[in-house]
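Peer 1: Following this line is upload-v4.pdb, made up of PDB, C-alpha atoms and all ligand atoms:
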```pdb
MODEL        1
ATOM      1  CA  MET X   1       0.000   0.000   0.000
ATOM      2  CA  ASP X   2       1.231   3.472  -0.852
ATOM      3  CA  LEU X   3      -0.567   5.819   1.552
ATOM      4  CA  LYS X   4       0.328   9.514   1.595
ATOM      5  CA  THR X   5      -2.459  11.129   3.616
ATOM      6  CA  VAL X   6      -3.673   8.370   5.920
ATOM      7  CA  LEU X   7      -1.854   6.630   8.777
ATOM      8  CA  TYR X   8      -2.948   3.004   8.836
ATOM      9  CA  ASN X   9      -2.448   0.222  11.337
ATOM     10  CA  LYS X  10      -4.182  -2.950  12.437
ATOM     11  CA  LYS X  11      -4.341  -4.258  15.997
ATOM     12  CA  ASP X  12      -6.450  -6.958  17.659
ATOM     13  CA  GLY X  13      -8.986  -7.162  14.839
ATOM     14  CA  ILE X  14      -9.419  -3.392  14.473
ATOM     15  CA  ALA X  15      -8.059  -1.465  11.476
ATOM     16  CA  TRP X  16      -7.356   2.199  12.277
ATOM     17  CA  ALA X  17      -7.220   4.715   9.437
ATOM     18  CA  GLN X  18      -6.194   8.155  10.660
ATOM     19  CA  LEU X  19      -6.606  11.057   8.251
ATOM     20  CA  ASN X  20      -3.315  12.903   8.302
ATOM     21  CA  ARG X  21      -3.292  16.394   6.808
ATOM     22  CA  PRO X  22      -3.184  18.238  10.153
ATOM     23  CA  ASP X  23      -2.117  21.614   8.691
ATOM     24  CA  LYS X  24      -5.310  21.617   6.576
ATOM     25  CA  LEU X  25      -7.632  20.232   9.274
ATOM     26  CA  ASN X  26      -7.599  16.948   7.317
ATOM     27  CA  ALA X  27      -9.288  18.538   4.296
ATOM     28  CA  LEU X  28     -10.192  15.857   1.770
ATOM     29  CA  ASN X  29      -8.672  15.866  -1.708
ATOM     30  CA  SER X  30      -8.332  13.223  -4.432
ATOM     31  CA  LYS X  31      -5.298  11.690  -2.739
ATOM     32  CA  VAL X  32      -7.170  11.281   0.561
ATOM     33  CA  PHE X  33     -10.039   9.530  -1.214
ATOM     34  CA  ALA X  34      -7.571   7.307  -3.114
ATOM     35  CA  ASP X  35      -5.889   6.403   0.189
ATOM     36  CA  ILE X  36      -9.222   5.633   1.868
ATOM     37  CA  GLY X  37     -10.023   3.440  -1.148
ATOM     38  CA  GLN X  38      -6.832   1.431  -0.573
ATOM     39  CA  VAL X  39      -7.714   1.072   3.116
ATOM     40  CA  VAL X  40     -11.228  -0.157   2.336
ATOM     41  CA  ASP X  41      -9.840  -2.736  -0.122
ATOM     42  CA  ASP X  42      -7.326  -3.935   2.457
ATOM     43  CA  VAL X  43      -9.968  -4.258   5.183
ATOM     44  CA  ALA X  44     -12.272  -6.160   2.818
ATOM     45  CA  ALA X  45      -9.477  -8.603   1.905
ATOM     46  CA  ASP X  46      -8.020  -9.184   5.391
ATOM     47  CA  ASP X  47      -9.959 -11.807   7.359
ATOM     48  CA  GLY X  48      -8.101 -10.720  10.491
ATOM     49  CA  VAL X  49      -9.787  -7.315  10.402
ATOM     50  CA  ARG X  50     -13.260  -7.290  11.933
ATOM     51  CA  VAL X  51     -13.935  -3.553  12.336
ATOM     52  CA  LEU X  52     -12.691  -0.452  10.504
ATOM     53  CA  VAL X  53     -12.273   2.810  12.435
ATOM     54  CA  ILE X  54     -11.746   6.061  10.548
ATOM     55  CA  THR X  55     -10.486   8.922  12.652
ATOM     56  CA  GLY X  56      -8.668  12.251  12.532
ATOM     57  CA  ASN X  57      -6.788  14.216  15.163
ATOM     58  CA  GLU X  58      -7.925  16.182  18.230
ATOM     59  CA  LYS X  59      -8.722  19.347  16.278
ATOM     60  CA  ALA X  60     -10.444  17.791  13.277
ATOM     61  CA  PHE X  61     -11.900  14.583  11.960
ATOM     62  CA  ALA X  62     -12.007  16.466   8.616
ATOM     63  CA  ALA X  63     -13.109  20.063   7.940
ATOM     64  CA  GLY X  64     -14.495  19.214   4.505
ATOM     65  CA  ALA X  65     -13.228  18.832   0.991
ATOM     66  CA  ASP X  66     -10.154  20.905   0.189
ATOM     67  CA  ILE X  67     -11.455  24.397  -0.597
ATOM     68  CA  GLY X  68      -8.064  25.557  -1.875
ATOM     69  CA  GLU X  69      -8.041  22.809  -4.493
ATOM     70  CA  MET X  70     -11.714  23.233  -5.438
ATOM     71  CA  SER X  71     -11.773  27.029  -5.631
ATOM     72  CA  THR X  72     -10.763  27.337  -9.297
ATOM     73  CA  ALA X  73     -12.197  24.019 -10.519
ATOM     74  CA  GLY X  74     -14.693  23.863 -13.370
ATOM     75  CA  ILE X  75     -17.545  21.430 -13.955
ATOM     76  CA  ALA X  76     -15.407  18.700 -15.578
ATOM     77  CA  ASP X  77     -12.747  18.772 -12.828
ATOM     78  CA  THR X  78     -15.441  18.694 -10.178
ATOM     79  CA  LEU X  79     -17.224  15.741 -11.770
ATOM     80  CA  LYS X  80     -13.918  13.855 -11.932
ATOM     81  CA  PHE X  81     -13.306  14.597  -8.235
ATOM     82  CA  THR X  82     -16.797  13.640  -7.083
ATOM     83  CA  ASP X  83     -16.947  10.527  -9.319
ATOM     84  CA  ALA X  84     -13.711   9.236  -7.805
ATOM     85  CA  GLY X  85     -14.695  10.279  -4.266
ATOM     86  CA  THR X  86     -18.148   8.751  -4.544
ATOM     87  CA  GLN X  87     -16.768   5.431  -5.774
ATOM     88  CA  VAL X  88     -14.676   5.274  -2.619
ATOM     89  CA  THR X  89     -17.388   6.403  -0.202
ATOM     90  CA  GLU X  90     -19.869   3.935  -1.695
ATOM     91  CA  ARG X  91     -17.315   1.130  -1.276
ATOM     92  CA  LEU X  92     -16.855   2.239   2.325
ATOM     93  CA  ALA X  93     -20.603   2.339   2.944
ATOM     94  CA  ASP X  94     -21.010  -1.112   1.360
ATOM     95  CA  LEU X  95     -18.092  -2.749   3.209
ATOM     96  CA  GLY X  96     -19.249  -6.091   4.617
ATOM     97  CA  LYS X  97     -17.755  -5.305   8.046
ATOM     98  CA  PRO X  98     -18.805  -2.714  10.638
ATOM     99  CA  THR X  99     -17.280   0.746  10.344
ATOM    100  CA  ILE X 100     -16.924   3.453  12.987
ATOM    101  CA  ALA X 101     -16.071   7.138  12.559
ATOM    102  CA  ALA X 102     -14.227   8.274  15.695
ATOM    103  CA  ILE X 103     -14.680  12.033  15.699
ATOM    104  CA  SER X 104     -12.828  14.747  17.591
ATOM    105  CA  GLY X 105     -13.219  18.404  16.667
ATOM    106  CA  TYR X 106     -14.568  19.416  13.274
ATOM    107  CA  ALA X 107     -16.471  16.996  11.029
ATOM    108  CA  LEU X 108     -17.724  19.409   8.388
ATOM    109  CA  GLY X 109     -18.898  19.162   4.804
ATOM    110  CA  GLY X 110     -17.169  16.221   3.110
ATOM    111  CA  GLY X 111     -15.791  15.258   6.536
ATOM    112  CA  LEU X 112     -19.274  14.747   7.973
ATOM    113  CA  GLU X 113     -20.308  13.048   4.730
ATOM    114  CA  LEU X 114     -17.421  10.593   5.115
ATOM    115  CA  ALA X 115     -18.514   9.920   8.707
ATOM    116  CA  LEU X 116     -22.105   9.368   7.501
ATOM    117  CA  CYS X 117     -20.793   6.525   5.303
ATOM    118  CA  CYS X 118     -19.772   4.681   8.479
ATOM    119  CA  ASP X 119     -22.241   2.541  10.412
ATOM    120  CA  PHE X 120     -21.518   4.316  13.705
ATOM    121  CA  ARG X 121     -20.216   7.724  14.803
ATOM    122  CA  ILE X 122     -18.578   7.916  18.201
ATOM    123  CA  ALA X 123     -17.417  11.391  19.146
ATOM    124  CA  ALA X 124     -15.522  13.402  21.700
ATOM    125  CA  ASP X 125     -17.455  16.190  23.404
ATOM    126  CA  THR X 126     -15.287  18.580  21.356
ATOM    127  CA  ALA X 127     -16.946  17.461  18.118
ATOM    128  CA  VAL X 128     -18.575  20.039  15.875
ATOM    129  CA  VAL X 129     -20.566  18.814  12.886
ATOM    130  CA  GLY X 130     -22.170  20.593   9.980
ATOM    131  CA  LEU X 131     -22.666  20.899   6.251
ATOM    132  CA  PRO X 132     -21.462  24.474   5.627
ATOM    133  CA  GLU X 133     -21.188  24.128   1.821
ATOM    134  CA  ILE X 134     -24.091  26.537   1.220
ATOM    135  CA  THR X 135     -21.985  29.299   2.780
ATOM    136  CA  LEU X 136     -19.437  28.709  -0.015
ATOM    137  CA  GLY X 137     -22.086  28.957  -2.736
ATOM    138  CA  ILE X 138     -22.326  25.200  -3.295
ATOM    139  CA  ILE X 139     -24.196  22.228  -1.793
ATOM    140  CA  PRO X 140     -22.872  19.004  -0.227
ATOM    141  CA  GLY X 141     -21.383  16.734  -2.910
ATOM    142  CA  GLY X 142     -20.462  13.620  -0.940
ATOM    143  CA  GLY X 143     -23.948  12.332  -0.153
ATOM    144  CA  GLY X 144     -24.942  14.809   2.575
ATOM    145  CA  THR X 145     -28.259  15.831   1.028
ATOM    146  CA  GLN X 146     -29.171  12.134   0.717
ATOM    147  CA  ARG X 147     -27.742  10.368   3.755
ATOM    148  CA  LEU X 148     -28.602  13.003   6.377
ATOM    149  CA  PRO X 149     -32.391  13.093   5.737
ATOM    150  CA  ARG X 150     -32.346   9.278   5.743
ATOM    151  CA  LEU X 151     -30.698   9.377   9.172
ATOM    152  CA  ILE X 152     -32.555  12.218  10.900
ATOM    153  CA  ASN X 153     -35.697  14.329  10.595
ATOM    154  CA  TYR X 154     -36.059  16.067   7.175
ATOM    155  CA  SER X 155     -36.539  19.582   8.543
ATOM    156  CA  ILE X 156     -33.409  19.448  10.693
ATOM    157  CA  ALA X 157     -31.436  18.037   7.752
ATOM    158  CA  ALA X 158     -32.841  20.807   5.532
ATOM    159  CA  GLU X 159     -31.805  23.407   8.104
ATOM    160  CA  MET X 160     -28.276  21.990   8.221
ATOM    161  CA  VAL X 161     -27.989  21.877   4.423
ATOM    162  CA  MET X 162     -29.752  25.185   3.659
ATOM    163  CA  LEU X 163     -28.394  27.353   6.482
ATOM    164  CA  GLY X 164     -25.040  25.603   6.829
ATOM    165  CA  GLY X 165     -24.743  26.199  10.589
ATOM    166  CA  LEU X 166     -22.389  24.260  12.843
ATOM    167  CA  MET X 167     -23.699  22.003  15.595
ATOM    168  CA  LYS X 168     -22.065  20.913  18.842
ATOM    169  CA  ALA X 169     -21.675  17.288  19.872
ATOM    170  CA  ASP X 170     -24.473  17.160  22.480
ATOM    171  CA  ARG X 171     -27.122  18.405  20.020
ATOM    172  CA  ALA X 172     -25.834  16.076  17.262
ATOM    173  CA  HIS X 173     -26.083  13.231  19.776
ATOM    174  CA  GLN X 174     -29.680  14.159  20.712
ATOM    175  CA  LEU X 175     -30.604  14.163  17.013
ATOM    176  CA  GLY X 176     -29.039  10.757  16.360
ATOM    177  CA  ILE X 177     -26.204  11.980  14.137
ATOM    178  CA  LEU X 178     -23.737  10.729  16.758
ATOM    179  CA  ASN X 179     -24.158   7.360  18.505
ATOM    180  CA  ARG X 180     -22.043   8.203  21.556
ATOM    181  CA  VAL X 181     -20.376  11.306  22.962
ATOM    182  CA  VAL X 182     -17.581  10.900  25.479
ATOM    183  CA  ALA X 183     -14.783  12.982  26.965
ATOM    184  CA  GLN X 184     -11.911  13.592  24.549
ATOM    185  CA  GLU X 185      -9.487  11.488  26.575
ATOM    186  CA  ALA X 186     -11.932   8.548  26.658
ATOM    187  CA  LEU X 187     -12.597   8.460  22.895
ATOM    188  CA  LYS X 188     -10.145   5.754  21.887
ATOM    189  CA  THR X 189     -11.092   3.495  24.827
ATOM    190  CA  GLU X 190     -14.788   3.916  24.064
ATOM    191  CA  VAL X 191     -14.240   3.122  20.369
ATOM    192  CA  VAL X 192     -12.259  -0.005  21.258
ATOM    193  CA  LYS X 193     -15.005  -1.092  23.701
ATOM    194  CA  PHE X 194     -17.658  -0.588  21.031
ATOM    195  CA  ALA X 195     -15.557  -2.469  18.444
ATOM    196  CA  GLU X 196     -15.004  -5.329  20.907
ATOM    197  CA  GLN X 197     -18.764  -5.690  21.342
ATOM    198  CA  LEU X 198     -19.129  -5.897  17.562
ATOM    199  CA  MET X 199     -16.293  -8.437  17.326
ATOM    200  CA  ALA X 200     -18.068 -10.645  19.869
ATOM    201  CA  ARG X 201     -20.897 -11.058  17.332
ATOM    202  CA  ALA X 202     -20.942 -13.541  14.428
ATOM    203  CA  PRO X 203     -19.284 -11.888  11.382
ATOM    204  CA  ILE X 204     -21.614 -13.318   8.728
ATOM    205  CA  ALA X 205     -24.654 -12.297  10.783
ATOM    206  CA  LEU X 206     -23.191  -8.786  11.113
ATOM    207  CA  ARG X 207     -22.692  -8.648   7.347
ATOM    208  CA  ALA X 208     -26.276  -9.801   6.792
ATOM    209  CA  ALA X 209     -27.594  -7.269   9.314
ATOM    210  CA  LYS X 210     -25.748  -4.465   7.541
ATOM    211  CA  THR X 211     -26.991  -5.569   4.118
ATOM    212  CA  ALA X 212     -30.599  -5.769   5.348
ATOM    213  CA  LEU X 213     -30.409  -2.359   7.038
ATOM    214  CA  ARG X 214     -28.739  -0.631   4.089
ATOM    215  CA  LYS X 215     -30.658  -2.226   1.225
ATOM    216  CA  GLY X 216     -33.902  -1.799   3.099
ATOM    217  CA  LEU X 217     -33.454   1.984   3.163
ATOM    218  CA  ASN X 218     -33.833   2.167  -0.608
ATOM    219  CA  VAL X 219     -36.772  -0.173  -1.272
ATOM    220  CA  SER X 220     -40.415  -0.545  -0.270
ATOM    221  CA  LEU X 221     -41.246  -2.095   3.125
ATOM    222  CA  LYS X 222     -42.523  -5.206   1.328
ATOM    223  CA  ASP X 223     -39.279  -5.617  -0.666
ATOM    224  CA  GLY X 224     -37.204  -4.858   2.422
ATOM    225  CA  ILE X 225     -38.955  -7.586   4.361
ATOM    226  CA  CYS X 226     -38.201 -10.050   1.517
ATOM    227  CA  ILE X 227     -34.515  -9.071   1.683
ATOM    228  CA  GLU X 228     -34.522  -9.611   5.450
ATOM    229  CA  GLN X 229     -36.309 -12.952   5.190
ATOM    230  CA  ASP X 230     -33.801 -14.334   2.657
ATOM    231  CA  LEU X 231     -30.809 -13.163   4.689
ATOM    232  CA  PHE X 232     -32.387 -14.599   7.868
ATOM    233  CA  ALA X 233     -32.777 -18.015   6.194
ATOM    234  CA  MET X 234     -29.265 -17.849   4.706
ATOM    235  CA  LEU X 235     -27.809 -17.574   8.218
ATOM    236  CA  PHE X 236     -29.159 -21.030   9.050
ATOM    237  CA  GLY X 237     -26.441 -22.382   6.737
ATOM    238  CA  THR X 238     -23.710 -20.975   9.001
ATOM    239  CA  ALA X 239     -21.837 -22.785  11.752
ATOM    240  CA  ASP X 240     -22.181 -19.634  13.868
ATOM    241  CA  GLN X 241     -25.996 -19.926  13.906
ATOM    242  CA  LYS X 242     -25.680 -23.521  15.165
ATOM    243  CA  GLU X 243     -23.116 -22.428  17.763
ATOM    244  CA  GLY X 244     -25.137 -19.366  18.856
ATOM    245  CA  MET X 245     -28.290 -21.374  19.478
ATOM    246  CA  ALA X 246     -26.462 -24.338  21.049
ATOM    247  CA  ALA X 247     -24.671 -21.942  23.410
ATOM    248  CA  PHE X 248     -27.992 -20.397  24.441
ATOM    249  CA  LEU X 249     -29.510 -23.814  25.180
ATOM    250  CA  GLU X 250     -26.391 -24.959  27.044
ATOM    251  CA  LYS X 251     -26.347 -21.655  29.023
ATOM    252  CA  ARG X 252     -22.835 -20.679  27.951
ATOM    253  CA  LYS X 253     -21.234 -17.947  25.872
ATOM    254  CA  PRO X 254     -21.030 -18.676  22.119
ATOM    255  CA  LYS X 255     -17.668 -19.117  20.394
ATOM    256  CA  PHE X 256     -18.203 -17.731  16.904
ATOM    257  CA  THR X 257     -15.746 -18.681  14.164
ATOM    258  CA  GLY X 258     -16.999 -16.654  11.218
ATOM    259  CA  LYS X 259     -18.039 -19.796   9.373
TER
HETATM  260  N1  LIG E 301     -10.155  23.047   2.865
HETATM  261  C1  LIG E 301      -8.901  23.509   2.795
HETATM  262  N2  LIG E 301      -8.255  24.003   3.852
HETATM  263  C2  LIG E 301      -8.917  24.054   5.016
HETATM  264  C3  LIG E 301     -10.244  23.592   5.153
HETATM  265  C4  LIG E 301     -10.869  23.055   4.002
HETATM  266  N3  LIG E 301     -12.106  22.545   4.024
HETATM  267  N4  LIG E 301     -10.638  23.790   6.438
HETATM  268  C5  LIG E 301      -9.586  24.343   7.066
HETATM  269  N5  LIG E 301      -8.558  24.510   6.223
HETATM  270  C6  LIG E 301      -7.232  25.076   6.484
HETATM  271  C7  LIG E 301      -7.294  26.583   6.660
HETATM  272  O1  LIG E 301      -7.294  27.230   5.406
HETATM  273  C8  LIG E 301      -6.046  26.836   7.458
HETATM  274  O2  LIG E 301      -4.938  26.759   6.599
HETATM  275  P1  LIG E 301      -3.770  27.888   6.678
HETATM  276  O3  LIG E 301      -3.210  27.728   8.055
HETATM  277  O4  LIG E 301      -2.805  27.466   5.598
HETATM  278  O5  LIG E 301      -4.426  29.202   6.476
HETATM  279  C9  LIG E 301      -5.964  25.622   8.366
HETATM  280  O6  LIG E 301      -6.770  24.593   7.736
HETATM  281  C10 LIG E 301      -6.548  25.866   9.750
HETATM  282  O7  LIG E 301      -7.865  26.352   9.564
HETATM  283  P2  LIG E 301      -8.398  27.700  10.257
HETATM  284  O8  LIG E 301      -7.265  28.656  10.454
HETATM  285  O9  LIG E 301      -9.555  28.195   9.449
HETATM  286  O10 LIG E 301      -8.869  27.120  11.665
HETATM  287  P3  LIG E 301      -9.959  27.743  12.625
HETATM  288  O11 LIG E 301      -9.848  26.982  13.891
HETATM  289  O12 LIG E 301      -9.869  29.226  12.665
HETATM  290  O13 LIG E 301     -11.386  27.393  11.910
HETATM  291  C11 LIG E 301     -12.967  25.962  10.804
HETATM  292  C12 LIG E 301     -11.782  26.062  11.793
HETATM  293  C13 LIG E 301     -14.191  26.641  11.404
HETATM  294  C14 LIG E 301     -13.257  24.485  10.610
HETATM  295  C15 LIG E 301     -12.573  26.628   9.473
HETATM  296  O14 LIG E 301     -11.307  26.143   9.049
HETATM  297  C16 LIG E 301     -13.539  26.359   8.353
HETATM  298  O15 LIG E 301     -14.599  26.961   8.312
HETATM  299  N6  LIG E 301     -13.178  25.461   7.414
HETATM  300  C17 LIG E 301     -13.966  25.199   6.231
HETATM  301  C18 LIG E 301     -15.191  24.352   6.544
HETATM  302  C19 LIG E 301     -16.020  24.133   5.297
HETATM  303  O16 LIG E 301     -16.564  25.056   4.720
HETATM  304  N7  LIG E 301     -16.125  22.870   4.863
HETATM  305  C20 LIG E 301     -16.859  22.495   3.677
HETATM  306  C21 LIG E 301     -15.948  22.425   2.485
HETATM  307  S1  LIG E 301     -16.784  22.081   0.968
HETATM  308  C22 LIG E 301     -17.034  20.400   1.025
HETATM  309  O17 LIG E 301     -16.708  19.758   1.974
HETATM  310  C23 LIG E 301     -17.685  19.767  -0.178
HETATM  311  C24 LIG E 301     -17.747  18.273  -0.014
HETATM  312  C25 LIG E 301     -17.622  17.559  -1.339
HETATM  313  C26 LIG E 301     -17.235  16.118  -1.120
HETATM  314  C27 LIG E 301     -17.169  15.332  -2.374
HETATM  315  C28 LIG E 301     -16.764  13.884  -2.097
HETATM  316  C29 LIG E 301     -17.146  12.918  -3.127
ENDMDL
END
```
Output the file's structure as structure tokens, nothing else.
Peer 2:
Amino acid sequence: MDLKTVLYNKKDGIAWAQLNRPDKLNALNSKVFADIGQVVDDVAADDGVRVLVITGNEKAFAAGADIGEMSTAGIADTLKFTDAGTQVTERLADLGKPTIAAISGYALGGGLELALCCDFRIAADTAVVGLPEITLGIIPGGGGTQRLPRLINYSIAAEMVMLGGLMKADRAHQLGILNRVVAQEALKTEVVKFAEQLMARAPIALRAAKTALRKGLNVSLKDGICIEQDLFAMLFGTADQKEGMAAFLEKRKPKFTGK
């Protein structure tokens, strides 16, 4: 892997991808998206990785796409940038393993959009989220107008997109944008604890749960229930289903193997 803007390491089943452009508050450019793409491919291919965590530094998860690089771009350049970025964020959103955005400081614009591609957002109480693109004369281009109103109430999403204000962690938590808010110094421990709970679950069941949740958002209730039913039945072909139910009946903890 040839990563220029992301620090990447794997430990005890967790892959950590830390955005690393601190002098630009981790602003996202084509290279950052390319690096995240490599990380996603690596996580997908490595059976030893059970959870992906994307994080930044204390001041910023990411303060948006790189305004300096976008400022003089035309339509064609912008389409090239968003096509490449969207391919990566869709791959991230579709990853068959749980993903967590661990957020300190600013998660704005493309930064919040990247975090919205993760299954969970765990934040420090220093977190500030928002979609300020409208204040630059543009709109979100990394899925913000689509993912946010699917996650929270339409009117609040519309206010965030159309006024572009910034929101503190406690309010974002109340609204359901953030799953957990903890003290800055507890963030890493809390993320590891959350990841450990996920890793105690059966991996194929987690993958099926994610597929059902995600696919179900884009289809009718009837079609979504069909998707769920098929995935539910599919799990009865796994060793982990047999183990999970045997463990319940034998009053012990299950030992899942991912088979
Ligand atoms: N792009 C480029 N550089 C940035 C960005 C950014 N988004 N944000 C901060 N920086 C740079 C600053 O220019 C500054 O650099 P320098 O020291 O060289 O002047 C450095 O980071 C530190 O920033 P500040 O001095 O501004 O720090 P403050 O603490 O005073 O302010 C803020 C922090 C409030 C976060 C402020 O930096 C800010 O408002 N940033 C811009 C936020 C924003 O508007 N984000 C939206 C960008 S547009 C976007 O995200 C479109 C998404 C499209 C995604 C497409 C994907 C497929």
Peer 1: Check which residues fall inside 8 Å of ligand LIG 301 (chain E) when counting all atoms listed in the file, and print them as a ChimeraX atom specification.
Peer 2: /X:22-28,60,62-69,81-87,89,106,108-111,113-114,131-133,135-136,138-143
Peer 1: Please determine, counting all atoms listed in the file, which residue among X:Leu151, X:Leu116, X:Ala205, X:Ala73 has the shortest atom-to-atom distance to Ala233 in chain X.
Peer 2: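 When distances to Ala233 in chain X are compared using all atoms listed in the file, the smallest one comes from X:Ala205.
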Peer 1: In Å to one decimal, how far is CA of Gly96 in chain X from CA of Lys210 in chain X?
Peer 2: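 Interatomic distance, CA of Lys210 in chain X to CA of Gly96 in chain X: 7.3 Å.
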Peer 1: So which one's closest to Leu163 in chain X, X:Thr189, X:Gly130, X:Asp41, X:Phe248? Using only C-alpha atoms, please.
Peer 2: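 Among X:Thr189, X:Gly130, X:Asp41, X:Phe248, it is X:Gly130 that comes nearest to Leu163 in chain X.
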Peer 1: So, counting all atoms listed in the file, which residue among X:Val129, X:Ile75, X:Ala247, X:Ala124 is closest to Leu112 in chain X?
Peer 2: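 Of X:Val129, X:Ile75, X:Ala247, X:Ala124, the one nearest Leu112 in chain X, counting all atoms listed in the file, is X:Val129.
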Peer 1: Considering only C-alpha atoms, state which residue in the set X:Ala76, X:Ala172, X:Leu52, X:Leu92 is at the smallest distance from Ala127 in chain X.
Peer 2: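 Smallest distance to Ala127 in chain X is found for X:Ala172.
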Peer 1: Need to verify the contact set: Leu178 in chain X, 12 Å, all atoms listed in the file, exclusion of same-chain residues closer than 2 positions in sequence. Can you return it as a PyMOL selection string?
Peer 2: chain X and resi 100-104+107+112+115-116+118-125+127-129+148+151-152+167-176+180-182
Peer 1: Just the selected residues (C-alpha atoms), exported as a PDB file, in the coordinates of the input, please.
Peer 2:
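The file below, again_26.pdb, is the result:
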```pdb
ATOM      1  CA  ILE X 100     -16.924   3.453  12.987  1.00  0.00           C
ATOM      2  CA  ALA X 101     -16.071   7.138  12.559  1.00  0.00           C
ATOM      3  CA  ALA X 102     -14.227   8.274  15.695  1.00  0.00           C
ATOM      4  CA  ILE X 103     -14.680  12.033  15.699  1.00  0.00           C
ATOM      5  CA  SER X 104     -12.828  14.747  17.591  1.00  0.00           C
ATOM      6  CA  ALA X 107     -16.471  16.996  11.029  1.00  0.00           C
ATOM      7  CA  LEU X 112     -19.274  14.747   7.973  1.00  0.00           C
ATOM      8  CA  ALA X 115     -18.514   9.920   8.707  1.00  0.00           C
ATOM      9  CA  LEU X 116     -22.105   9.368   7.501  1.00  0.00           C
ATOM     10  CA  CYS X 118     -19.772   4.681   8.479  1.00  0.00           C
ATOM     11  CA  ASP X 119     -22.241   2.541  10.412  1.00  0.00           C
ATOM     12  CA  PHE X 120     -21.518   4.316  13.705  1.00  0.00           C
ATOM     13  CA  ARG X 121     -20.216   7.724  14.803  1.00  0.00           C
ATOM     14  CA  ILE X 122     -18.578   7.916  18.201  1.00  0.00           C
ATOM     15  CA  ALA X 123     -17.417  11.391  19.146  1.00  0.00           C
ATOM     16  CA  ALA X 124     -15.522  13.402  21.700  1.00  0.00           C
ATOM     17  CA  ASP X 125     -17.455  16.190  23.404  1.00  0.00           C
ATOM     18  CA  ALA X 127     -16.946  17.461  18.118  1.00  0.00           C
ATOM     19  CA  VAL X 128     -18.575  20.039  15.875  1.00  0.00           C
ATOM     20  CA  VAL X 129     -20.566  18.814  12.886  1.00  0.00           C
ATOM     21  CA  LEU X 148     -28.602  13.003   6.377  1.00  0.00           C
ATOM     22  CA  LEU X 151     -30.698   9.377   9.172  1.00  0.00           C
ATOM     23  CA  ILE X 152     -32.555  12.218  10.900  1.00  0.00           C
ATOM     24  CA  MET X 167     -23.699  22.003  15.595  1.00  0.00           C
ATOM     25  CA  LYS X 168     -22.065  20.913  18.842  1.00  0.00           C
ATOM     26  CA  ALA X 169     -21.675  17.288  19.872  1.00  0.00           C
ATOM     27  CA  ASP X 170     -24.473  17.160  22.480  1.00  0.00           C
ATOM     28  CA  ARG X 171     -27.122  18.405  20.020  1.00  0.00           C
ATOM     29  CA  ALA X 172     -25.834  16.076  17.262  1.00  0.00           C
ATOM     30  CA  HIS X 173     -26.083  13.231  19.776  1.00  0.00           C
ATOM     31  CA  GLN X 174     -29.680  14.159  20.712  1.00  0.00           C
ATOM     32  CA  LEU X 175     -30.604  14.163  17.013  1.00  0.00           C
ATOM     33  CA  GLY X 176     -29.039  10.757  16.360  1.00  0.00           C
ATOM     34  CA  ARG X 180     -22.043   8.203  21.556  1.00  0.00           C
ATOM     35  CA  VAL X 181     -20.376  11.306  22.962  1.00  0.00           C
ATOM     36  CA  VAL X 182     -17.581  10.900  25.479  1.00  0.00           C
TER      37      VAL X 182
END
```
Peer 1: Using only C-alpha atoms, which of X:Arg50, X:Arg214, X:Lys255, X:Arg207 sits nearest Lys11 in chain X?
Peer 2: X:Arg50
Peer 1: Counting only C-alpha atoms, which of X:Leu198, X:Val88, X:Leu221, X:Ile204 gets nearest to Leu235 in chain X?
Peer 2: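 Checking each of X:Leu198, X:Val88, X:Leu221, X:Ile204 against Leu235 in chain X, counting only C-alpha atoms, the winner is X:Ile204.
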Peer 1: Quick one: pull the distance between CA of Gly13 in chain X and CA of Ser30 in chain X, Å, one decimal.
Peer 2: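 Taking CA of Gly13 in chain X and CA of Ser30 in chain X, their separation equals 28.1 Å.
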Peer 1: What does the distance from CA of Asn29 in chain X to CA of Met160 in chain X come to in Å, to one decimal?
Peer 2: 22.8 Å
Peer 1: Could you pull the residues within 7 Å of Glu243 in chain X, counting all atoms listed in the file, minus those fewer than 2 positions along the same chain, as a PyMOL selection string?
Peer 2: chain X and resi 239-241+245-247+254-256
Peer 1: Please provide as a ChimeraX atom specification all residues within 12 Å of Asp2 in chain X, with the sequence filter that same-chain residues fewer than 4 positions apart are discarded (counting all atoms listed in the file).
Peer 2: /X:6-8,31-32,34-39,42
Peer 1: Could I get range 19-23 of chain X rebuilt with N, CA, C and O atoms, written as a short mmCIF file (atom, residue, chain, number, x, y, z; two decimals), in the frame of the given file?
Peer 2:
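In the end it all went to selection.cif:
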```cif
data_model
loop_
_atom_site.label_atom_id
_atom_site.label_comp_id
_atom_site.auth_asym_id
_atom_site.auth_seq_id
_atom_site.Cartn_x
_atom_site.Cartn_y
_atom_site.Cartn_z
N LEU X 19 -6.83 10.02 9.25
CA LEU X 19 -6.61 11.06 8.25
C LEU X 19 -5.46 11.92 8.74
O LEU X 19 -5.42 12.30 9.93
N ASN X 20 -4.54 12.26 7.83
CA ASN X 20 -3.32 12.90 8.30
C ASN X 20 -2.87 14.06 7.41
O ASN X 20 -1.84 14.00 6.76
N ARG X 21 -3.70 15.12 7.41
CA ARG X 21 -3.29 16.39 6.81
C ARG X 21 -3.54 17.48 7.87
O ARG X 21 -4.40 18.36 7.69
N PRO X 22 -2.84 17.39 9.01
CA PRO X 22 -3.18 18.24 10.15
C PRO X 22 -3.14 19.73 9.85
O PRO X 22 -3.96 20.50 10.36
N ASP X 23 -2.21 20.17 8.97
CA ASP X 23 -2.12 21.61 8.69
C ASP X 23 -3.32 22.12 7.90
O ASP X 23 -3.55 23.32 7.82
#
```
